[in-house]
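Worksheet: the structure to be examined is printed underneath.
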Amino acid sequence: MKTLVISIKIFLFFTVLTGIIYPLLVTGIVQVIYPSKANGSMQMKGKISTGSLLIGQQFDSAIYFTSRPSAVSYNPLPSGGSNYGLTSAKLKALVEERRKQFIAFNHLDSLTSVPGEMLFASASGLDPHISPQSAFLQAERIASARCFNPVQEQKLMQAIDSLTEPPQFFCLGEPRINVLLLNLETDKIR
Amino acid sequence: MTTLDVIQVVLFFVLLIALTPVLGKYMSKVFTGEKHVMLPVAGWLERLAYRFSGIDPEEGTNWKTYTFSLLVFNLAGFIFVFLIQLVQAHLPLNPAHLANVSWDSAFNTSVSFMTNTNWQGYAGETTLSYFVQMMGLTVQNFVSAATGIAVLMALIRGIAGRNAQNLGNFRTDLTRATLYVLLPLSILFAIILTGQGVVQNFKHYETVQTLQGAKQVIPMGPAASQIAIKQLGTNGGGFFNANSAHPFENPTPFSNFLEMLAILLIPAGLTYTYGKMVGSTRQGWTIFTVMLILLLAGLGISLYGEYASNAVYGHLALLEGKETRFGITNSVLWSTITTAASNGSVNAMHDSLTPLTGMIAMINLMLGEIIFGGVGAGLYGMVIFIILTVFIAGLMVGRTPEYLGKKIEAFEVQMAIIAVLAPNFIILVFTAWASVSPAGLQGLNNAGPHGFSEILYAYSSAAGNNGSAFAGLNANTVFYNLTLGLGMLVGRFGIILPVMAIAGSMVKKKITPLSSGTFRTDNGLFIGLLIAVILIVGGLTHFPALSLGPVVEHLLMNHGITF
């Protein structure tokens, strides 16, 4: 009986400490020092929020760079991947279809090797990035859909270059480009 | 693989090795009651905890009392987490108006978080309120990890102690582990993670208008505080469904690097603490070396599995279920670490790994989560294998086996065998049952051998208290919630009880001084023997099952066969 009472009391103590005080303390600190990041890195366009820089969006219009395939169609409730194994016939068919579609949509040569991330769905279904190669492969299609002149097209290429994030601290992770940022930048080209 | 890939992997292991003695020394001070840096900062909290609960911190207990306190405390946690899920709709901090959780899912989740497994049959952002995530799950993240450390401390005192009964005090160990190790590291880590972009707020889910004009609802919540302890405590339960692949849980390569480090930090440090507390850091480093060798071997095979070309996709980069910012190397490094360390968080979907890489993940689970393993749990699991190795070596040379001066006798070996067999029994029997019952088969997401792998992985993960999944398996059904829940209980307490019994029996034994006839447990020969015993026990038990799943899938994939 004594053991039970002590156990419940110490459990109560830790519930208050680690279940209430700890998350509140952390929230208090980060809301002061990293307010934007703690609240989801939201991207404002004027007064309305166009989404989070970290959460990918569906892009299928010809005037925008396309995001990766997503098993949840970029609906974050809930996030997740396809969970297809590599011997799944469904996955193989999907990859073939995506390859054909990417090549047709971007008017590419039928032998172009399409980067893996445009053929395979991401783990979260919300991957905000694509590789710089995938961006370059799409650039011409976007330029022609937007009827860009050569100067504007040059600006588009520069946007891809300047928005490419190298590996963090020179060595961590992969070079990548944020699709939402890139598309916002593309909208600005006049 | 590029040079950059190699640099990242090397950097990771160099840092891990460098931090092991630093944290290990600190933890040995915490648990032997010496002065340490956190005492002036948090000492008052420890005294407050004891005064509030009526604990006498100096009270030594025997193994039965220690174990009983542990079980009652865990039971209290289980009941609380179970109940608040059933009524979460009526509780505060539920901005998304999520409904009450079903009884079977609530059972599974509360067992899962109490046992440090953090298997998740549910999706966080559409199932659990902020209230349940904080008051229920974050708390269990801390105390289940602290429980693992406490059991290890009792075992160490059993091995090193000369005092016929005393194994220490469960509540003191629990309190110190939480206040001086887990909490300070978590606060620091949560702040750094938020600096990288992990969310930490109590806002409503945010509705935004995407650039193309569609509506997107973005979930929010106090994620960073939970993710910090989820990694440090080798818990692994994600705040969001995609776990550490979700950009709000793991936004950058740097956050990814730190989270991987956090997974192994305490289990690695504890090997040093162990050495320090049994009186020879060499013993600790020996164990560390065995773990590191097994981890690196697995990592090598896993990387080969993902980078080698195959007959289905040729040389195409296999990015299904992987995130662009992490790429293949960081996904594979994570999948190896998280399964070795009984963490179970994922930054890539393990269901979509190549058969070889998925098999290494499974083997890490099946060996009993002893390659670093869960905090505390990995090391006491490893000591079980050490006892077996010493016993087998003793049989070979015809001498009474002893470990660190204490005789290993029939009772210890019996208990060690129970601890090895209990989780393996669960894996094989439940996998067989699910593979032939309609309730088990209807959850499958993949056909062919990969479907079998999904089931095998699920029970290996439950019995190993890991929590990662081949997540295509729909396990949120009454059948899976109950069988996996039972598997987690056996995988946790089926090891803790024999380990405590061993501690209780060892503590009574006299220490024989070292002599030239002593079989050494801190040299290369012993490292080799221990690895051999681990692989033979694991291999004999699981090779047949593995050959029905990933092995045959690998062979078929190399012939271009799909299902």
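Chain labels run A, B, ... following the order of the structure tokens; each chain numbers its residues from 1, and ligands are numbered from 1 in the order shown.
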Notebook entry, point to check: Out of segment 97-160 of chain A, which residues get alpha helix (DSSP H) from DSSP, as a PyMOL selection string?
Noted result: chain A and resi 97-105+132-145+150-160
Counting only C-alpha atoms, which residues of chain B fall within 6 Å of chain A, and what is the closest atom pair for each with its distance in Å at one decimal, ordered by chain and rising number, as a tab-separated table?
```
residue	atom	partner	partner_atom	distance
B:Leu4	CA	A:Cys171	CA	5.8
B:Ser53	CA	A:Lys9	CA	5.0
B:Phe73	CA	A:Ser7	CA	5.0
B:Met134	CA	A:Gly19	CA	5.0
B:Met135	CA	A:Gly19	CA	4.4
B:Thr138	CA	A:Gly19	CA	5.9
B:Val139	CA	A:Gly19	CA	5.2
B:Thr194	CA	A:Ala38	CA	5.8
B:Gly197	CA	A:Lys37	CA	4.8
B:Val199	CA	A:Ala38	CA	4.3
B:Gln200	CA	A:Ala38	CA	4.8
B:Val208	CA	A:Gly51	CA	5.4
B:Gln209	CA	A:Thr50	CA	5.2
B:Thr210	CA	A:Thr50	CA	5.0
B:Ser225	CA	A:Pro23	CA	5.5
B:Asn241	CA	A:Ser79	CA	5.6
B:Ala242	CA	A:Gly80	CA	4.8
B:Ala245	CA	A:Ser124	CA	5.4
B:His246	CA	A:Ser124	CA	5.1
B:Pro247	CA	A:Leu54	CA	5.7
B:Pro253	CA	A:Gly173	CA	4.8
B:Leu316	CA	A:Gly116	CA	6.0
B:Ala317	CA	A:Gly116	CA	5.0
B:Leu319	CA	A:Phe120	CA	5.6
B:Glu320	CA	A:Phe120	CA	4.5
B:Gly321	CA	A:Ala123	CA	3.8
B:Lys322	CA	A:Ala123	CA	4.8
B:Glu323	CA	A:Ser122	CA	5.4
B:Arg325	CA	A:Glu174	CA	5.3
B:Phe326	CA	A:Gly173	CA	5.0
B:Ala348	CA	A:Ala123	CA	5.3
B:Met349	CA	A:Ala123	CA	5.6
B:Asp351	CA	A:Asn83	CA	5.1
B:Ser352	CA	A:Gly85	CA	4.5
B:Gly472	CA	A:Asn83	CA	4.9
B:Thr562	CA	A:Thr87	CA	4.5
B:Phe563	CA	A:Ala89	CA	5.0
```
Check: Leaving out segment 405-420 of chain B and any residue of its chain fewer than 3 positions from it, which residues lie within 10 Å of it when counting only C-alpha atoms, given as an MDAnalysis selection string?
Finding: chainID B and resid 158:160 367:368 381 383:388 390:391 394 400:402 423:425 490:515 518:519 537:538
Notebook entry, point to check: What lies within 10 Å of Phe239 of chain B using only C-alpha atoms, ignoring chain neighbours under 3 positions off, as a PyMOL selection string?
Noted result: chain B and resi 123-125+128+130+133+137-138+220-227+230+236+242-244+246+248-249
Filtering to C-alpha atoms, could you give me those residues as an mmCIF file, in the first residue's frame?
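Output saved as out_30.cif:
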```cif
data_model
loop_
_atom_site.group_PDB
_atom_site.id
_atom_site.type_symbol
_atom_site.label_atom_id
_atom_site.label_comp_id
_atom_site.auth_asym_id
_atom_site.auth_seq_id
_atom_site.Cartn_x
_atom_site.Cartn_y
_atom_site.Cartn_z
ATOM 1 C CA ALA B 123 -1.233 8.882 -36.704
ATOM 2 C CA GLY B 124 -0.322 11.585 -34.167
ATOM 3 C CA GLU B 125 -1.677 14.637 -35.954
ATOM 4 C CA LEU B 128 -4.043 12.584 -30.229
ATOM 5 C CA TYR B 130 -1.847 18.180 -27.329
ATOM 6 C CA GLN B 133 0.855 14.096 -26.257
ATOM 7 C CA LEU B 137 3.327 10.576 -23.930
ATOM 8 C CA THR B 138 6.060 13.101 -23.159
ATOM 9 C CA MET B 220 1.021 22.475 -35.114
ATOM 10 C CA GLY B 221 1.841 21.610 -31.540
ATOM 11 C CA PRO B 222 4.509 21.288 -28.868
ATOM 12 C CA ALA B 223 6.656 19.007 -31.026
ATOM 13 C CA ALA B 224 10.253 20.020 -30.226
ATOM 14 C CA SER B 225 9.964 19.239 -26.514
ATOM 15 C CA GLN B 226 8.698 15.758 -27.317
ATOM 16 C CA ILE B 227 11.153 15.073 -30.122
ATOM 17 C CA LYS B 230 12.016 10.882 -28.007
ATOM 18 C CA GLY B 236 11.140 7.037 -31.038
ATOM 19 C CA ALA B 242 5.803 10.524 -40.724
ATOM 20 C CA ASN B 243 7.973 10.675 -37.601
ATOM 21 C CA SER B 244 11.429 12.148 -38.176
ATOM 22 C CA HIS B 246 8.272 15.029 -41.266
ATOM 23 C CA PHE B 248 8.375 19.796 -38.763
ATOM 24 C CA GLU B 249 10.185 17.087 -36.786
#
```
Contacts of Phe189 of chain B within 12 Å, only C-alpha atoms, excl. fewer than 2 positions in-chain, as an mmCIF file with all heavy atoms, in the first residue's frame:
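The result, stored in out_38.cif:
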```cif
data_model
loop_
_atom_site.group_PDB
_atom_site.id
_atom_site.type_symbol
_atom_site.label_atom_id
_atom_site.label_comp_id
_atom_site.auth_asym_id
_atom_site.auth_seq_id
_atom_site.Cartn_x
_atom_site.Cartn_y
_atom_site.Cartn_z
ATOM 1 N N VAL A 26 10.141 25.144 -22.479
ATOM 2 C CA VAL A 26 10.749 25.160 -23.813
ATOM 3 C C VAL A 26 9.973 26.105 -24.732
ATOM 4 O O VAL A 26 10.560 26.914 -25.459
ATOM 5 C CB VAL A 26 10.800 23.736 -24.403
ATOM 6 C CG1 VAL A 26 11.255 23.781 -25.851
ATOM 7 C CG2 VAL A 26 11.727 22.855 -23.602
ATOM 8 N N VAL A 30 11.665 29.307 -26.696
ATOM 9 C CA VAL A 30 11.794 29.371 -28.164
ATOM 10 C C VAL A 30 10.842 30.394 -28.786
ATOM 11 O O VAL A 30 11.131 30.937 -29.848
ATOM 12 C CB VAL A 30 11.604 27.995 -28.842
ATOM 13 C CG1 VAL A 30 12.671 27.036 -28.368
ATOM 14 C CG2 VAL A 30 10.213 27.432 -28.603
ATOM 15 N N LEU B 182 18.274 13.173 -18.358
ATOM 16 C CA LEU B 182 17.326 13.326 -19.467
ATOM 17 C C LEU B 182 16.809 14.756 -19.606
ATOM 18 O O LEU B 182 16.757 15.305 -20.709
ATOM 19 C CB LEU B 182 16.160 12.353 -19.276
ATOM 20 C CG LEU B 182 16.557 10.880 -19.230
ATOM 21 C CD1 LEU B 182 15.372 10.019 -18.821
ATOM 22 C CD2 LEU B 182 17.068 10.423 -20.592
ATOM 23 N N LEU B 183 16.427 15.363 -18.488
ATOM 24 C CA LEU B 183 15.782 16.670 -18.573
ATOM 25 C C LEU B 183 16.714 17.783 -19.073
ATOM 26 O O LEU B 183 16.357 18.495 -20.015
ATOM 27 C CB LEU B 183 15.157 17.020 -17.214
ATOM 28 C CG LEU B 183 14.114 18.130 -17.208
ATOM 29 C CD1 LEU B 183 12.981 17.840 -18.183
ATOM 30 C CD2 LEU B 183 13.541 18.315 -15.798
ATOM 31 N N PRO B 184 17.912 17.929 -18.485
ATOM 32 C CA PRO B 184 18.773 19.009 -18.986
ATOM 33 C C PRO B 184 19.151 18.836 -20.458
ATOM 34 O O PRO B 184 19.126 19.801 -21.231
ATOM 35 C CB PRO B 184 20.018 18.942 -18.096
ATOM 36 C CG PRO B 184 19.857 17.792 -17.190
ATOM 37 C CD PRO B 184 18.480 17.267 -17.301
ATOM 38 N N LEU B 185 19.478 17.590 -20.847
ATOM 39 C CA LEU B 185 19.829 17.359 -22.255
ATOM 40 C C LEU B 185 18.639 17.672 -23.159
ATOM 41 O O LEU B 185 18.798 18.236 -24.238
ATOM 42 C CB LEU B 185 20.277 15.909 -22.457
ATOM 43 C CG LEU B 185 21.691 15.553 -22.000
ATOM 44 C CD1 LEU B 185 21.929 14.051 -22.115
ATOM 45 C CD2 LEU B 185 22.728 16.287 -22.843
ATOM 46 N N SER B 186 17.438 17.311 -22.713
ATOM 47 C CA SER B 186 16.246 17.531 -23.538
ATOM 48 C C SER B 186 15.962 19.013 -23.729
ATOM 49 O O SER B 186 15.596 19.449 -24.825
ATOM 50 C CB SER B 186 15.026 16.870 -22.908
ATOM 51 O OG SER B 186 15.200 15.490 -22.869
ATOM 52 N N ILE B 187 16.092 19.790 -22.659
ATOM 53 C CA ILE B 187 15.819 21.230 -22.775
ATOM 54 C C ILE B 187 16.769 21.842 -23.801
ATOM 55 O O ILE B 187 16.365 22.544 -24.733
ATOM 56 C CB ILE B 187 15.972 21.919 -21.405
ATOM 57 C CG1 ILE B 187 14.870 21.429 -20.458
ATOM 58 C CG2 ILE B 187 15.909 23.437 -21.550
ATOM 59 C CD1 ILE B 187 15.015 21.910 -19.027
ATOM 60 N N ILE B 191 15.677 23.228 -27.718
ATOM 61 C CA ILE B 191 15.906 24.607 -28.163
ATOM 62 C C ILE B 191 16.703 24.623 -29.471
ATOM 63 O O ILE B 191 16.364 25.329 -30.419
ATOM 64 C CB ILE B 191 16.646 25.407 -27.060
ATOM 65 C CG1 ILE B 191 15.728 25.549 -25.842
ATOM 66 C CG2 ILE B 191 17.066 26.773 -27.566
ATOM 67 C CD1 ILE B 191 16.399 26.101 -24.615
ATOM 68 N N ILE B 192 17.744 23.792 -29.533
ATOM 69 C CA ILE B 192 18.541 23.735 -30.769
ATOM 70 C C ILE B 192 17.675 23.274 -31.943
ATOM 71 O O ILE B 192 17.735 23.822 -33.040
ATOM 72 C CB ILE B 192 19.742 22.781 -30.614
ATOM 73 C CG1 ILE B 192 20.664 23.275 -29.504
ATOM 74 C CG2 ILE B 192 20.523 22.674 -31.911
ATOM 75 C CD1 ILE B 192 21.812 22.337 -29.195
ATOM 76 N N LEU B 193 16.833 22.274 -31.702
ATOM 77 C CA LEU B 193 15.979 21.760 -32.780
ATOM 78 C C LEU B 193 15.027 22.838 -33.279
ATOM 79 O O LEU B 193 14.801 22.972 -34.488
ATOM 80 C CB LEU B 193 15.176 20.550 -32.297
ATOM 81 C CG LEU B 193 15.931 19.230 -32.187
ATOM 82 C CD1 LEU B 193 14.994 18.133 -31.712
ATOM 83 C CD2 LEU B 193 16.547 18.844 -33.524
ATOM 84 N N THR B 194 14.443 23.602 -32.361
ATOM 85 C CA THR B 194 13.546 24.663 -32.800
ATOM 86 C C THR B 194 14.306 25.668 -33.660
ATOM 87 O O THR B 194 13.765 26.188 -34.639
ATOM 88 C CB THR B 194 12.904 25.372 -31.600
ATOM 89 O OG1 THR B 194 12.440 24.388 -30.693
ATOM 90 C CG2 THR B 194 11.738 26.232 -32.042
ATOM 91 N N GLY B 195 15.561 25.910 -33.312
ATOM 92 C CA GLY B 195 16.382 26.808 -34.120
ATOM 93 C C GLY B 195 16.537 26.319 -35.549
ATOM 94 O O GLY B 195 16.792 27.089 -36.471
ATOM 95 N N GLN B 196 16.380 25.029 -35.757
ATOM 96 C CA GLN B 196 16.449 24.472 -37.112
ATOM 97 C C GLN B 196 15.079 24.463 -37.795
ATOM 98 O O GLN B 196 14.985 24.221 -38.991
ATOM 99 C CB GLN B 196 17.001 23.042 -37.072
ATOM 100 C CG GLN B 196 18.468 22.953 -36.655
ATOM 101 C CD GLN B 196 19.376 23.648 -37.641
ATOM 102 O OE1 GLN B 196 19.352 23.375 -38.843
ATOM 103 N NE2 GLN B 196 20.176 24.589 -37.164
ATOM 104 N N VAL B 198 11.973 23.036 -36.064
ATOM 105 C CA VAL B 198 10.960 22.162 -35.449
ATOM 106 C C VAL B 198 9.942 23.035 -34.722
ATOM 107 O O VAL B 198 10.311 23.996 -34.057
ATOM 108 C CB VAL B 198 11.633 21.176 -34.463
ATOM 109 C CG1 VAL B 198 10.589 20.317 -33.774
ATOM 110 C CG2 VAL B 198 12.634 20.307 -35.187
ATOM 111 N N ALA B 224 8.807 20.067 -30.524
ATOM 112 C CA ALA B 224 10.253 20.020 -30.226
ATOM 113 C C ALA B 224 10.521 19.398 -28.862
ATOM 114 O O ALA B 224 11.442 18.598 -28.707
ATOM 115 C CB ALA B 224 10.851 21.422 -30.294
ATOM 116 N N SER B 225 9.704 19.758 -27.860
ATOM 117 C CA SER B 225 9.964 19.239 -26.514
ATOM 118 C C SER B 225 9.797 17.722 -26.496
ATOM 119 O O SER B 225 10.493 17.015 -25.775
ATOM 120 C CB SER B 225 9.048 19.905 -25.490
ATOM 121 O OG SER B 225 7.699 19.811 -25.867
ATOM 122 N N GLN B 226 8.871 17.203 -27.300
ATOM 123 C CA GLN B 226 8.698 15.758 -27.317
ATOM 124 C C GLN B 226 9.763 15.064 -28.156
ATOM 125 O O GLN B 226 10.219 13.967 -27.827
ATOM 126 C CB GLN B 226 7.300 15.399 -27.839
ATOM 127 C CG GLN B 226 7.020 13.921 -27.668
ATOM 128 C CD GLN B 226 5.575 13.570 -27.935
ATOM 129 O OE1 GLN B 226 4.675 14.319 -27.599
ATOM 130 N NE2 GLN B 226 5.349 12.439 -28.555
ATOM 131 N N ILE B 227 10.167 15.711 -29.243
ATOM 132 C CA ILE B 227 11.153 15.073 -30.122
ATOM 133 C C ILE B 227 12.507 14.970 -29.430
ATOM 134 O O ILE B 227 13.225 13.978 -29.578
ATOM 135 C CB ILE B 227 11.246 15.842 -31.446
ATOM 136 C CG1 ILE B 227 9.955 15.621 -32.219
ATOM 137 C CG2 ILE B 227 12.421 15.384 -32.267
ATOM 138 C CD1 ILE B 227 9.669 16.683 -33.215
ATOM 139 N N ALA B 228 12.850 15.991 -28.634
ATOM 140 C CA ALA B 228 14.132 15.952 -27.937
ATOM 141 C C ALA B 228 14.217 14.699 -27.071
ATOM 142 O O ALA B 228 15.184 13.938 -27.159
ATOM 143 C CB ALA B 228 14.297 17.214 -27.092
ATOM 144 N N ILE B 229 13.204 14.461 -26.273
ATOM 145 C CA ILE B 229 13.280 13.304 -25.375
ATOM 146 C C ILE B 229 13.012 12.008 -26.142
ATOM 147 O O ILE B 229 13.528 10.957 -25.787
ATOM 148 C CB ILE B 229 12.333 13.453 -24.164
ATOM 149 C CG1 ILE B 229 12.481 12.280 -23.200
ATOM 150 C CG2 ILE B 229 10.885 13.617 -24.574
ATOM 151 C CD1 ILE B 229 13.847 12.117 -22.604
ATOM 152 N N LYS B 230 12.261 12.097 -27.230
ATOM 153 C CA LYS B 230 12.016 10.882 -28.007
ATOM 154 C C LYS B 230 13.328 10.319 -28.550
ATOM 155 O O LYS B 230 13.506 9.109 -28.636
ATOM 156 C CB LYS B 230 11.034 11.172 -29.145
ATOM 157 C CG LYS B 230 11.499 10.762 -30.530
ATOM 158 C CD LYS B 230 10.598 11.215 -31.634
ATOM 159 C CE LYS B 230 11.319 11.093 -32.962
ATOM 160 N NZ LYS B 230 10.613 11.622 -34.100
ATOM 161 N N GLN B 231 14.271 11.195 -28.918
ATOM 162 C CA GLN B 231 15.559 10.703 -29.414
ATOM 163 C C GLN B 231 16.491 10.353 -28.263
ATOM 164 O O GLN B 231 17.100 9.291 -28.246
ATOM 165 C CB GLN B 231 16.240 11.739 -30.321
ATOM 166 C CG GLN B 231 15.385 12.232 -31.478
ATOM 167 C CD GLN B 231 14.943 11.151 -32.436
ATOM 168 O OE1 GLN B 231 14.954 9.966 -32.117
ATOM 169 N NE2 GLN B 231 14.530 11.531 -33.626
ATOM 170 N N LEU B 232 16.609 11.244 -27.280
ATOM 171 C CA LEU B 232 17.557 11.008 -26.188
ATOM 172 C C LEU B 232 17.198 9.791 -25.359
ATOM 173 O O LEU B 232 18.059 9.083 -24.857
ATOM 174 C CB LEU B 232 17.611 12.246 -25.283
ATOM 175 C CG LEU B 232 18.347 13.445 -25.873
ATOM 176 C CD1 LEU B 232 17.992 14.713 -25.124
ATOM 177 C CD2 LEU B 232 19.854 13.208 -25.831
ATOM 178 N N SER B 255 19.702 19.154 -38.160
ATOM 179 C CA SER B 255 18.802 18.575 -37.151
ATOM 180 C C SER B 255 18.850 17.057 -37.245
ATOM 181 O O SER B 255 18.810 16.351 -36.242
ATOM 182 C CB SER B 255 17.370 19.084 -37.332
ATOM 183 O OG SER B 255 16.797 18.581 -38.517
ATOM 184 N N LEU B 258 22.049 15.822 -35.543
ATOM 185 C CA LEU B 258 21.935 15.890 -34.083
ATOM 186 C C LEU B 258 20.966 14.838 -33.545
ATOM 187 O O LEU B 258 21.206 14.239 -32.499
ATOM 188 C CB LEU B 258 21.443 17.276 -33.660
ATOM 189 C CG LEU B 258 22.453 18.405 -33.814
ATOM 190 C CD1 LEU B 258 21.824 19.720 -33.393
ATOM 191 C CD2 LEU B 258 23.693 18.135 -32.970
ATOM 192 N N GLU B 259 19.879 14.616 -34.258
ATOM 193 C CA GLU B 259 18.922 13.620 -33.775
ATOM 194 C C GLU B 259 19.541 12.220 -33.801
ATOM 195 O O GLU B 259 19.323 11.423 -32.900
ATOM 196 C CB GLU B 259 17.622 13.671 -34.599
ATOM 197 C CG GLU B 259 16.788 14.914 -34.279
ATOM 198 C CD GLU B 259 15.417 14.938 -34.954
ATOM 199 O OE1 GLU B 259 14.824 13.879 -35.184
ATOM 200 O OE2 GLU B 259 14.938 16.048 -35.252
ATOM 201 N N LEU B 261 22.703 11.584 -33.445
ATOM 202 C CA LEU B 261 23.662 11.564 -32.338
ATOM 203 C C LEU B 261 22.917 11.348 -31.019
ATOM 204 O O LEU B 261 23.363 10.584 -30.156
ATOM 205 C CB LEU B 261 24.427 12.883 -32.325
ATOM 206 C CG LEU B 261 25.773 12.900 -31.624
ATOM 207 C CD1 LEU B 261 26.708 11.867 -32.227
ATOM 208 C CD2 LEU B 261 26.397 14.288 -31.722
ATOM 209 N N ALA B 262 21.778 12.019 -30.894
ATOM 210 C CA ALA B 262 21.005 11.914 -29.649
ATOM 211 C C ALA B 262 20.514 10.488 -29.420
ATOM 212 O O ALA B 262 20.399 10.036 -28.289
ATOM 213 C CB ALA B 262 19.820 12.874 -29.691
ATOM 214 N N ILE B 263 20.250 9.767 -30.516
ATOM 215 C CA ILE B 263 19.764 8.395 -30.375
ATOM 216 C C ILE B 263 20.810 7.524 -29.675
ATOM 217 O O ILE B 263 20.501 6.736 -28.798
ATOM 218 C CB ILE B 263 19.427 7.796 -31.762
ATOM 219 C CG1 ILE B 263 18.211 8.494 -32.356
ATOM 220 C CG2 ILE B 263 19.179 6.300 -31.649
ATOM 221 C CD1 ILE B 263 17.903 8.063 -33.777
#
```
Notebook entry, point to check: Which of these, B:Thr178, B:Thr271, B:Asn166, B:Asn310, has the shortest distance to Lys64 of chain B once you count only C-alpha atoms?
Noted result: B:Asn166
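Of the residues in chain A, those that DSSP places in strand (DSSP E) on the basis of the backbone are Met42, Gln43, Met44, Lys45, Ile48, Ser49, Thr50, Gly51, Ser52, His129, Ile130, Thr164, Glu165, Arg176, Ile177 and Asn178 of chain A.
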The selected residues should be written to file as a tab-separated table (two decimals), in the first residue's frame (atoms: C-alpha atoms).
```tsv
chain	number	residue	atom	x	y	z
A	42	MET	CA	5.07	30.35	-42.28
A	43	GLN	CA	5.61	32.25	-45.53
A	44	MET	CA	3.55	35.40	-45.84
A	45	LYS	CA	2.53	36.85	-49.19
A	48	ILE	CA	-2.11	36.09	-46.18
A	49	SER	CA	-0.10	32.99	-45.42
A	50	THR	CA	0.84	30.95	-48.48
A	51	GLY	CA	2.00	28.01	-46.43
A	52	SER	CA	5.01	26.83	-44.51
A	129	HIS	CA	12.59	20.11	-51.77
A	130	ILE	CA	13.72	18.79	-55.13
A	164	THR	CA	20.04	26.04	-54.37
A	165	GLU	CA	21.03	25.17	-50.83
A	176	ARG	CA	18.45	20.85	-52.67
A	177	ILE	CA	16.06	23.58	-53.64
A	178	ASN	CA	12.86	24.66	-51.90
```
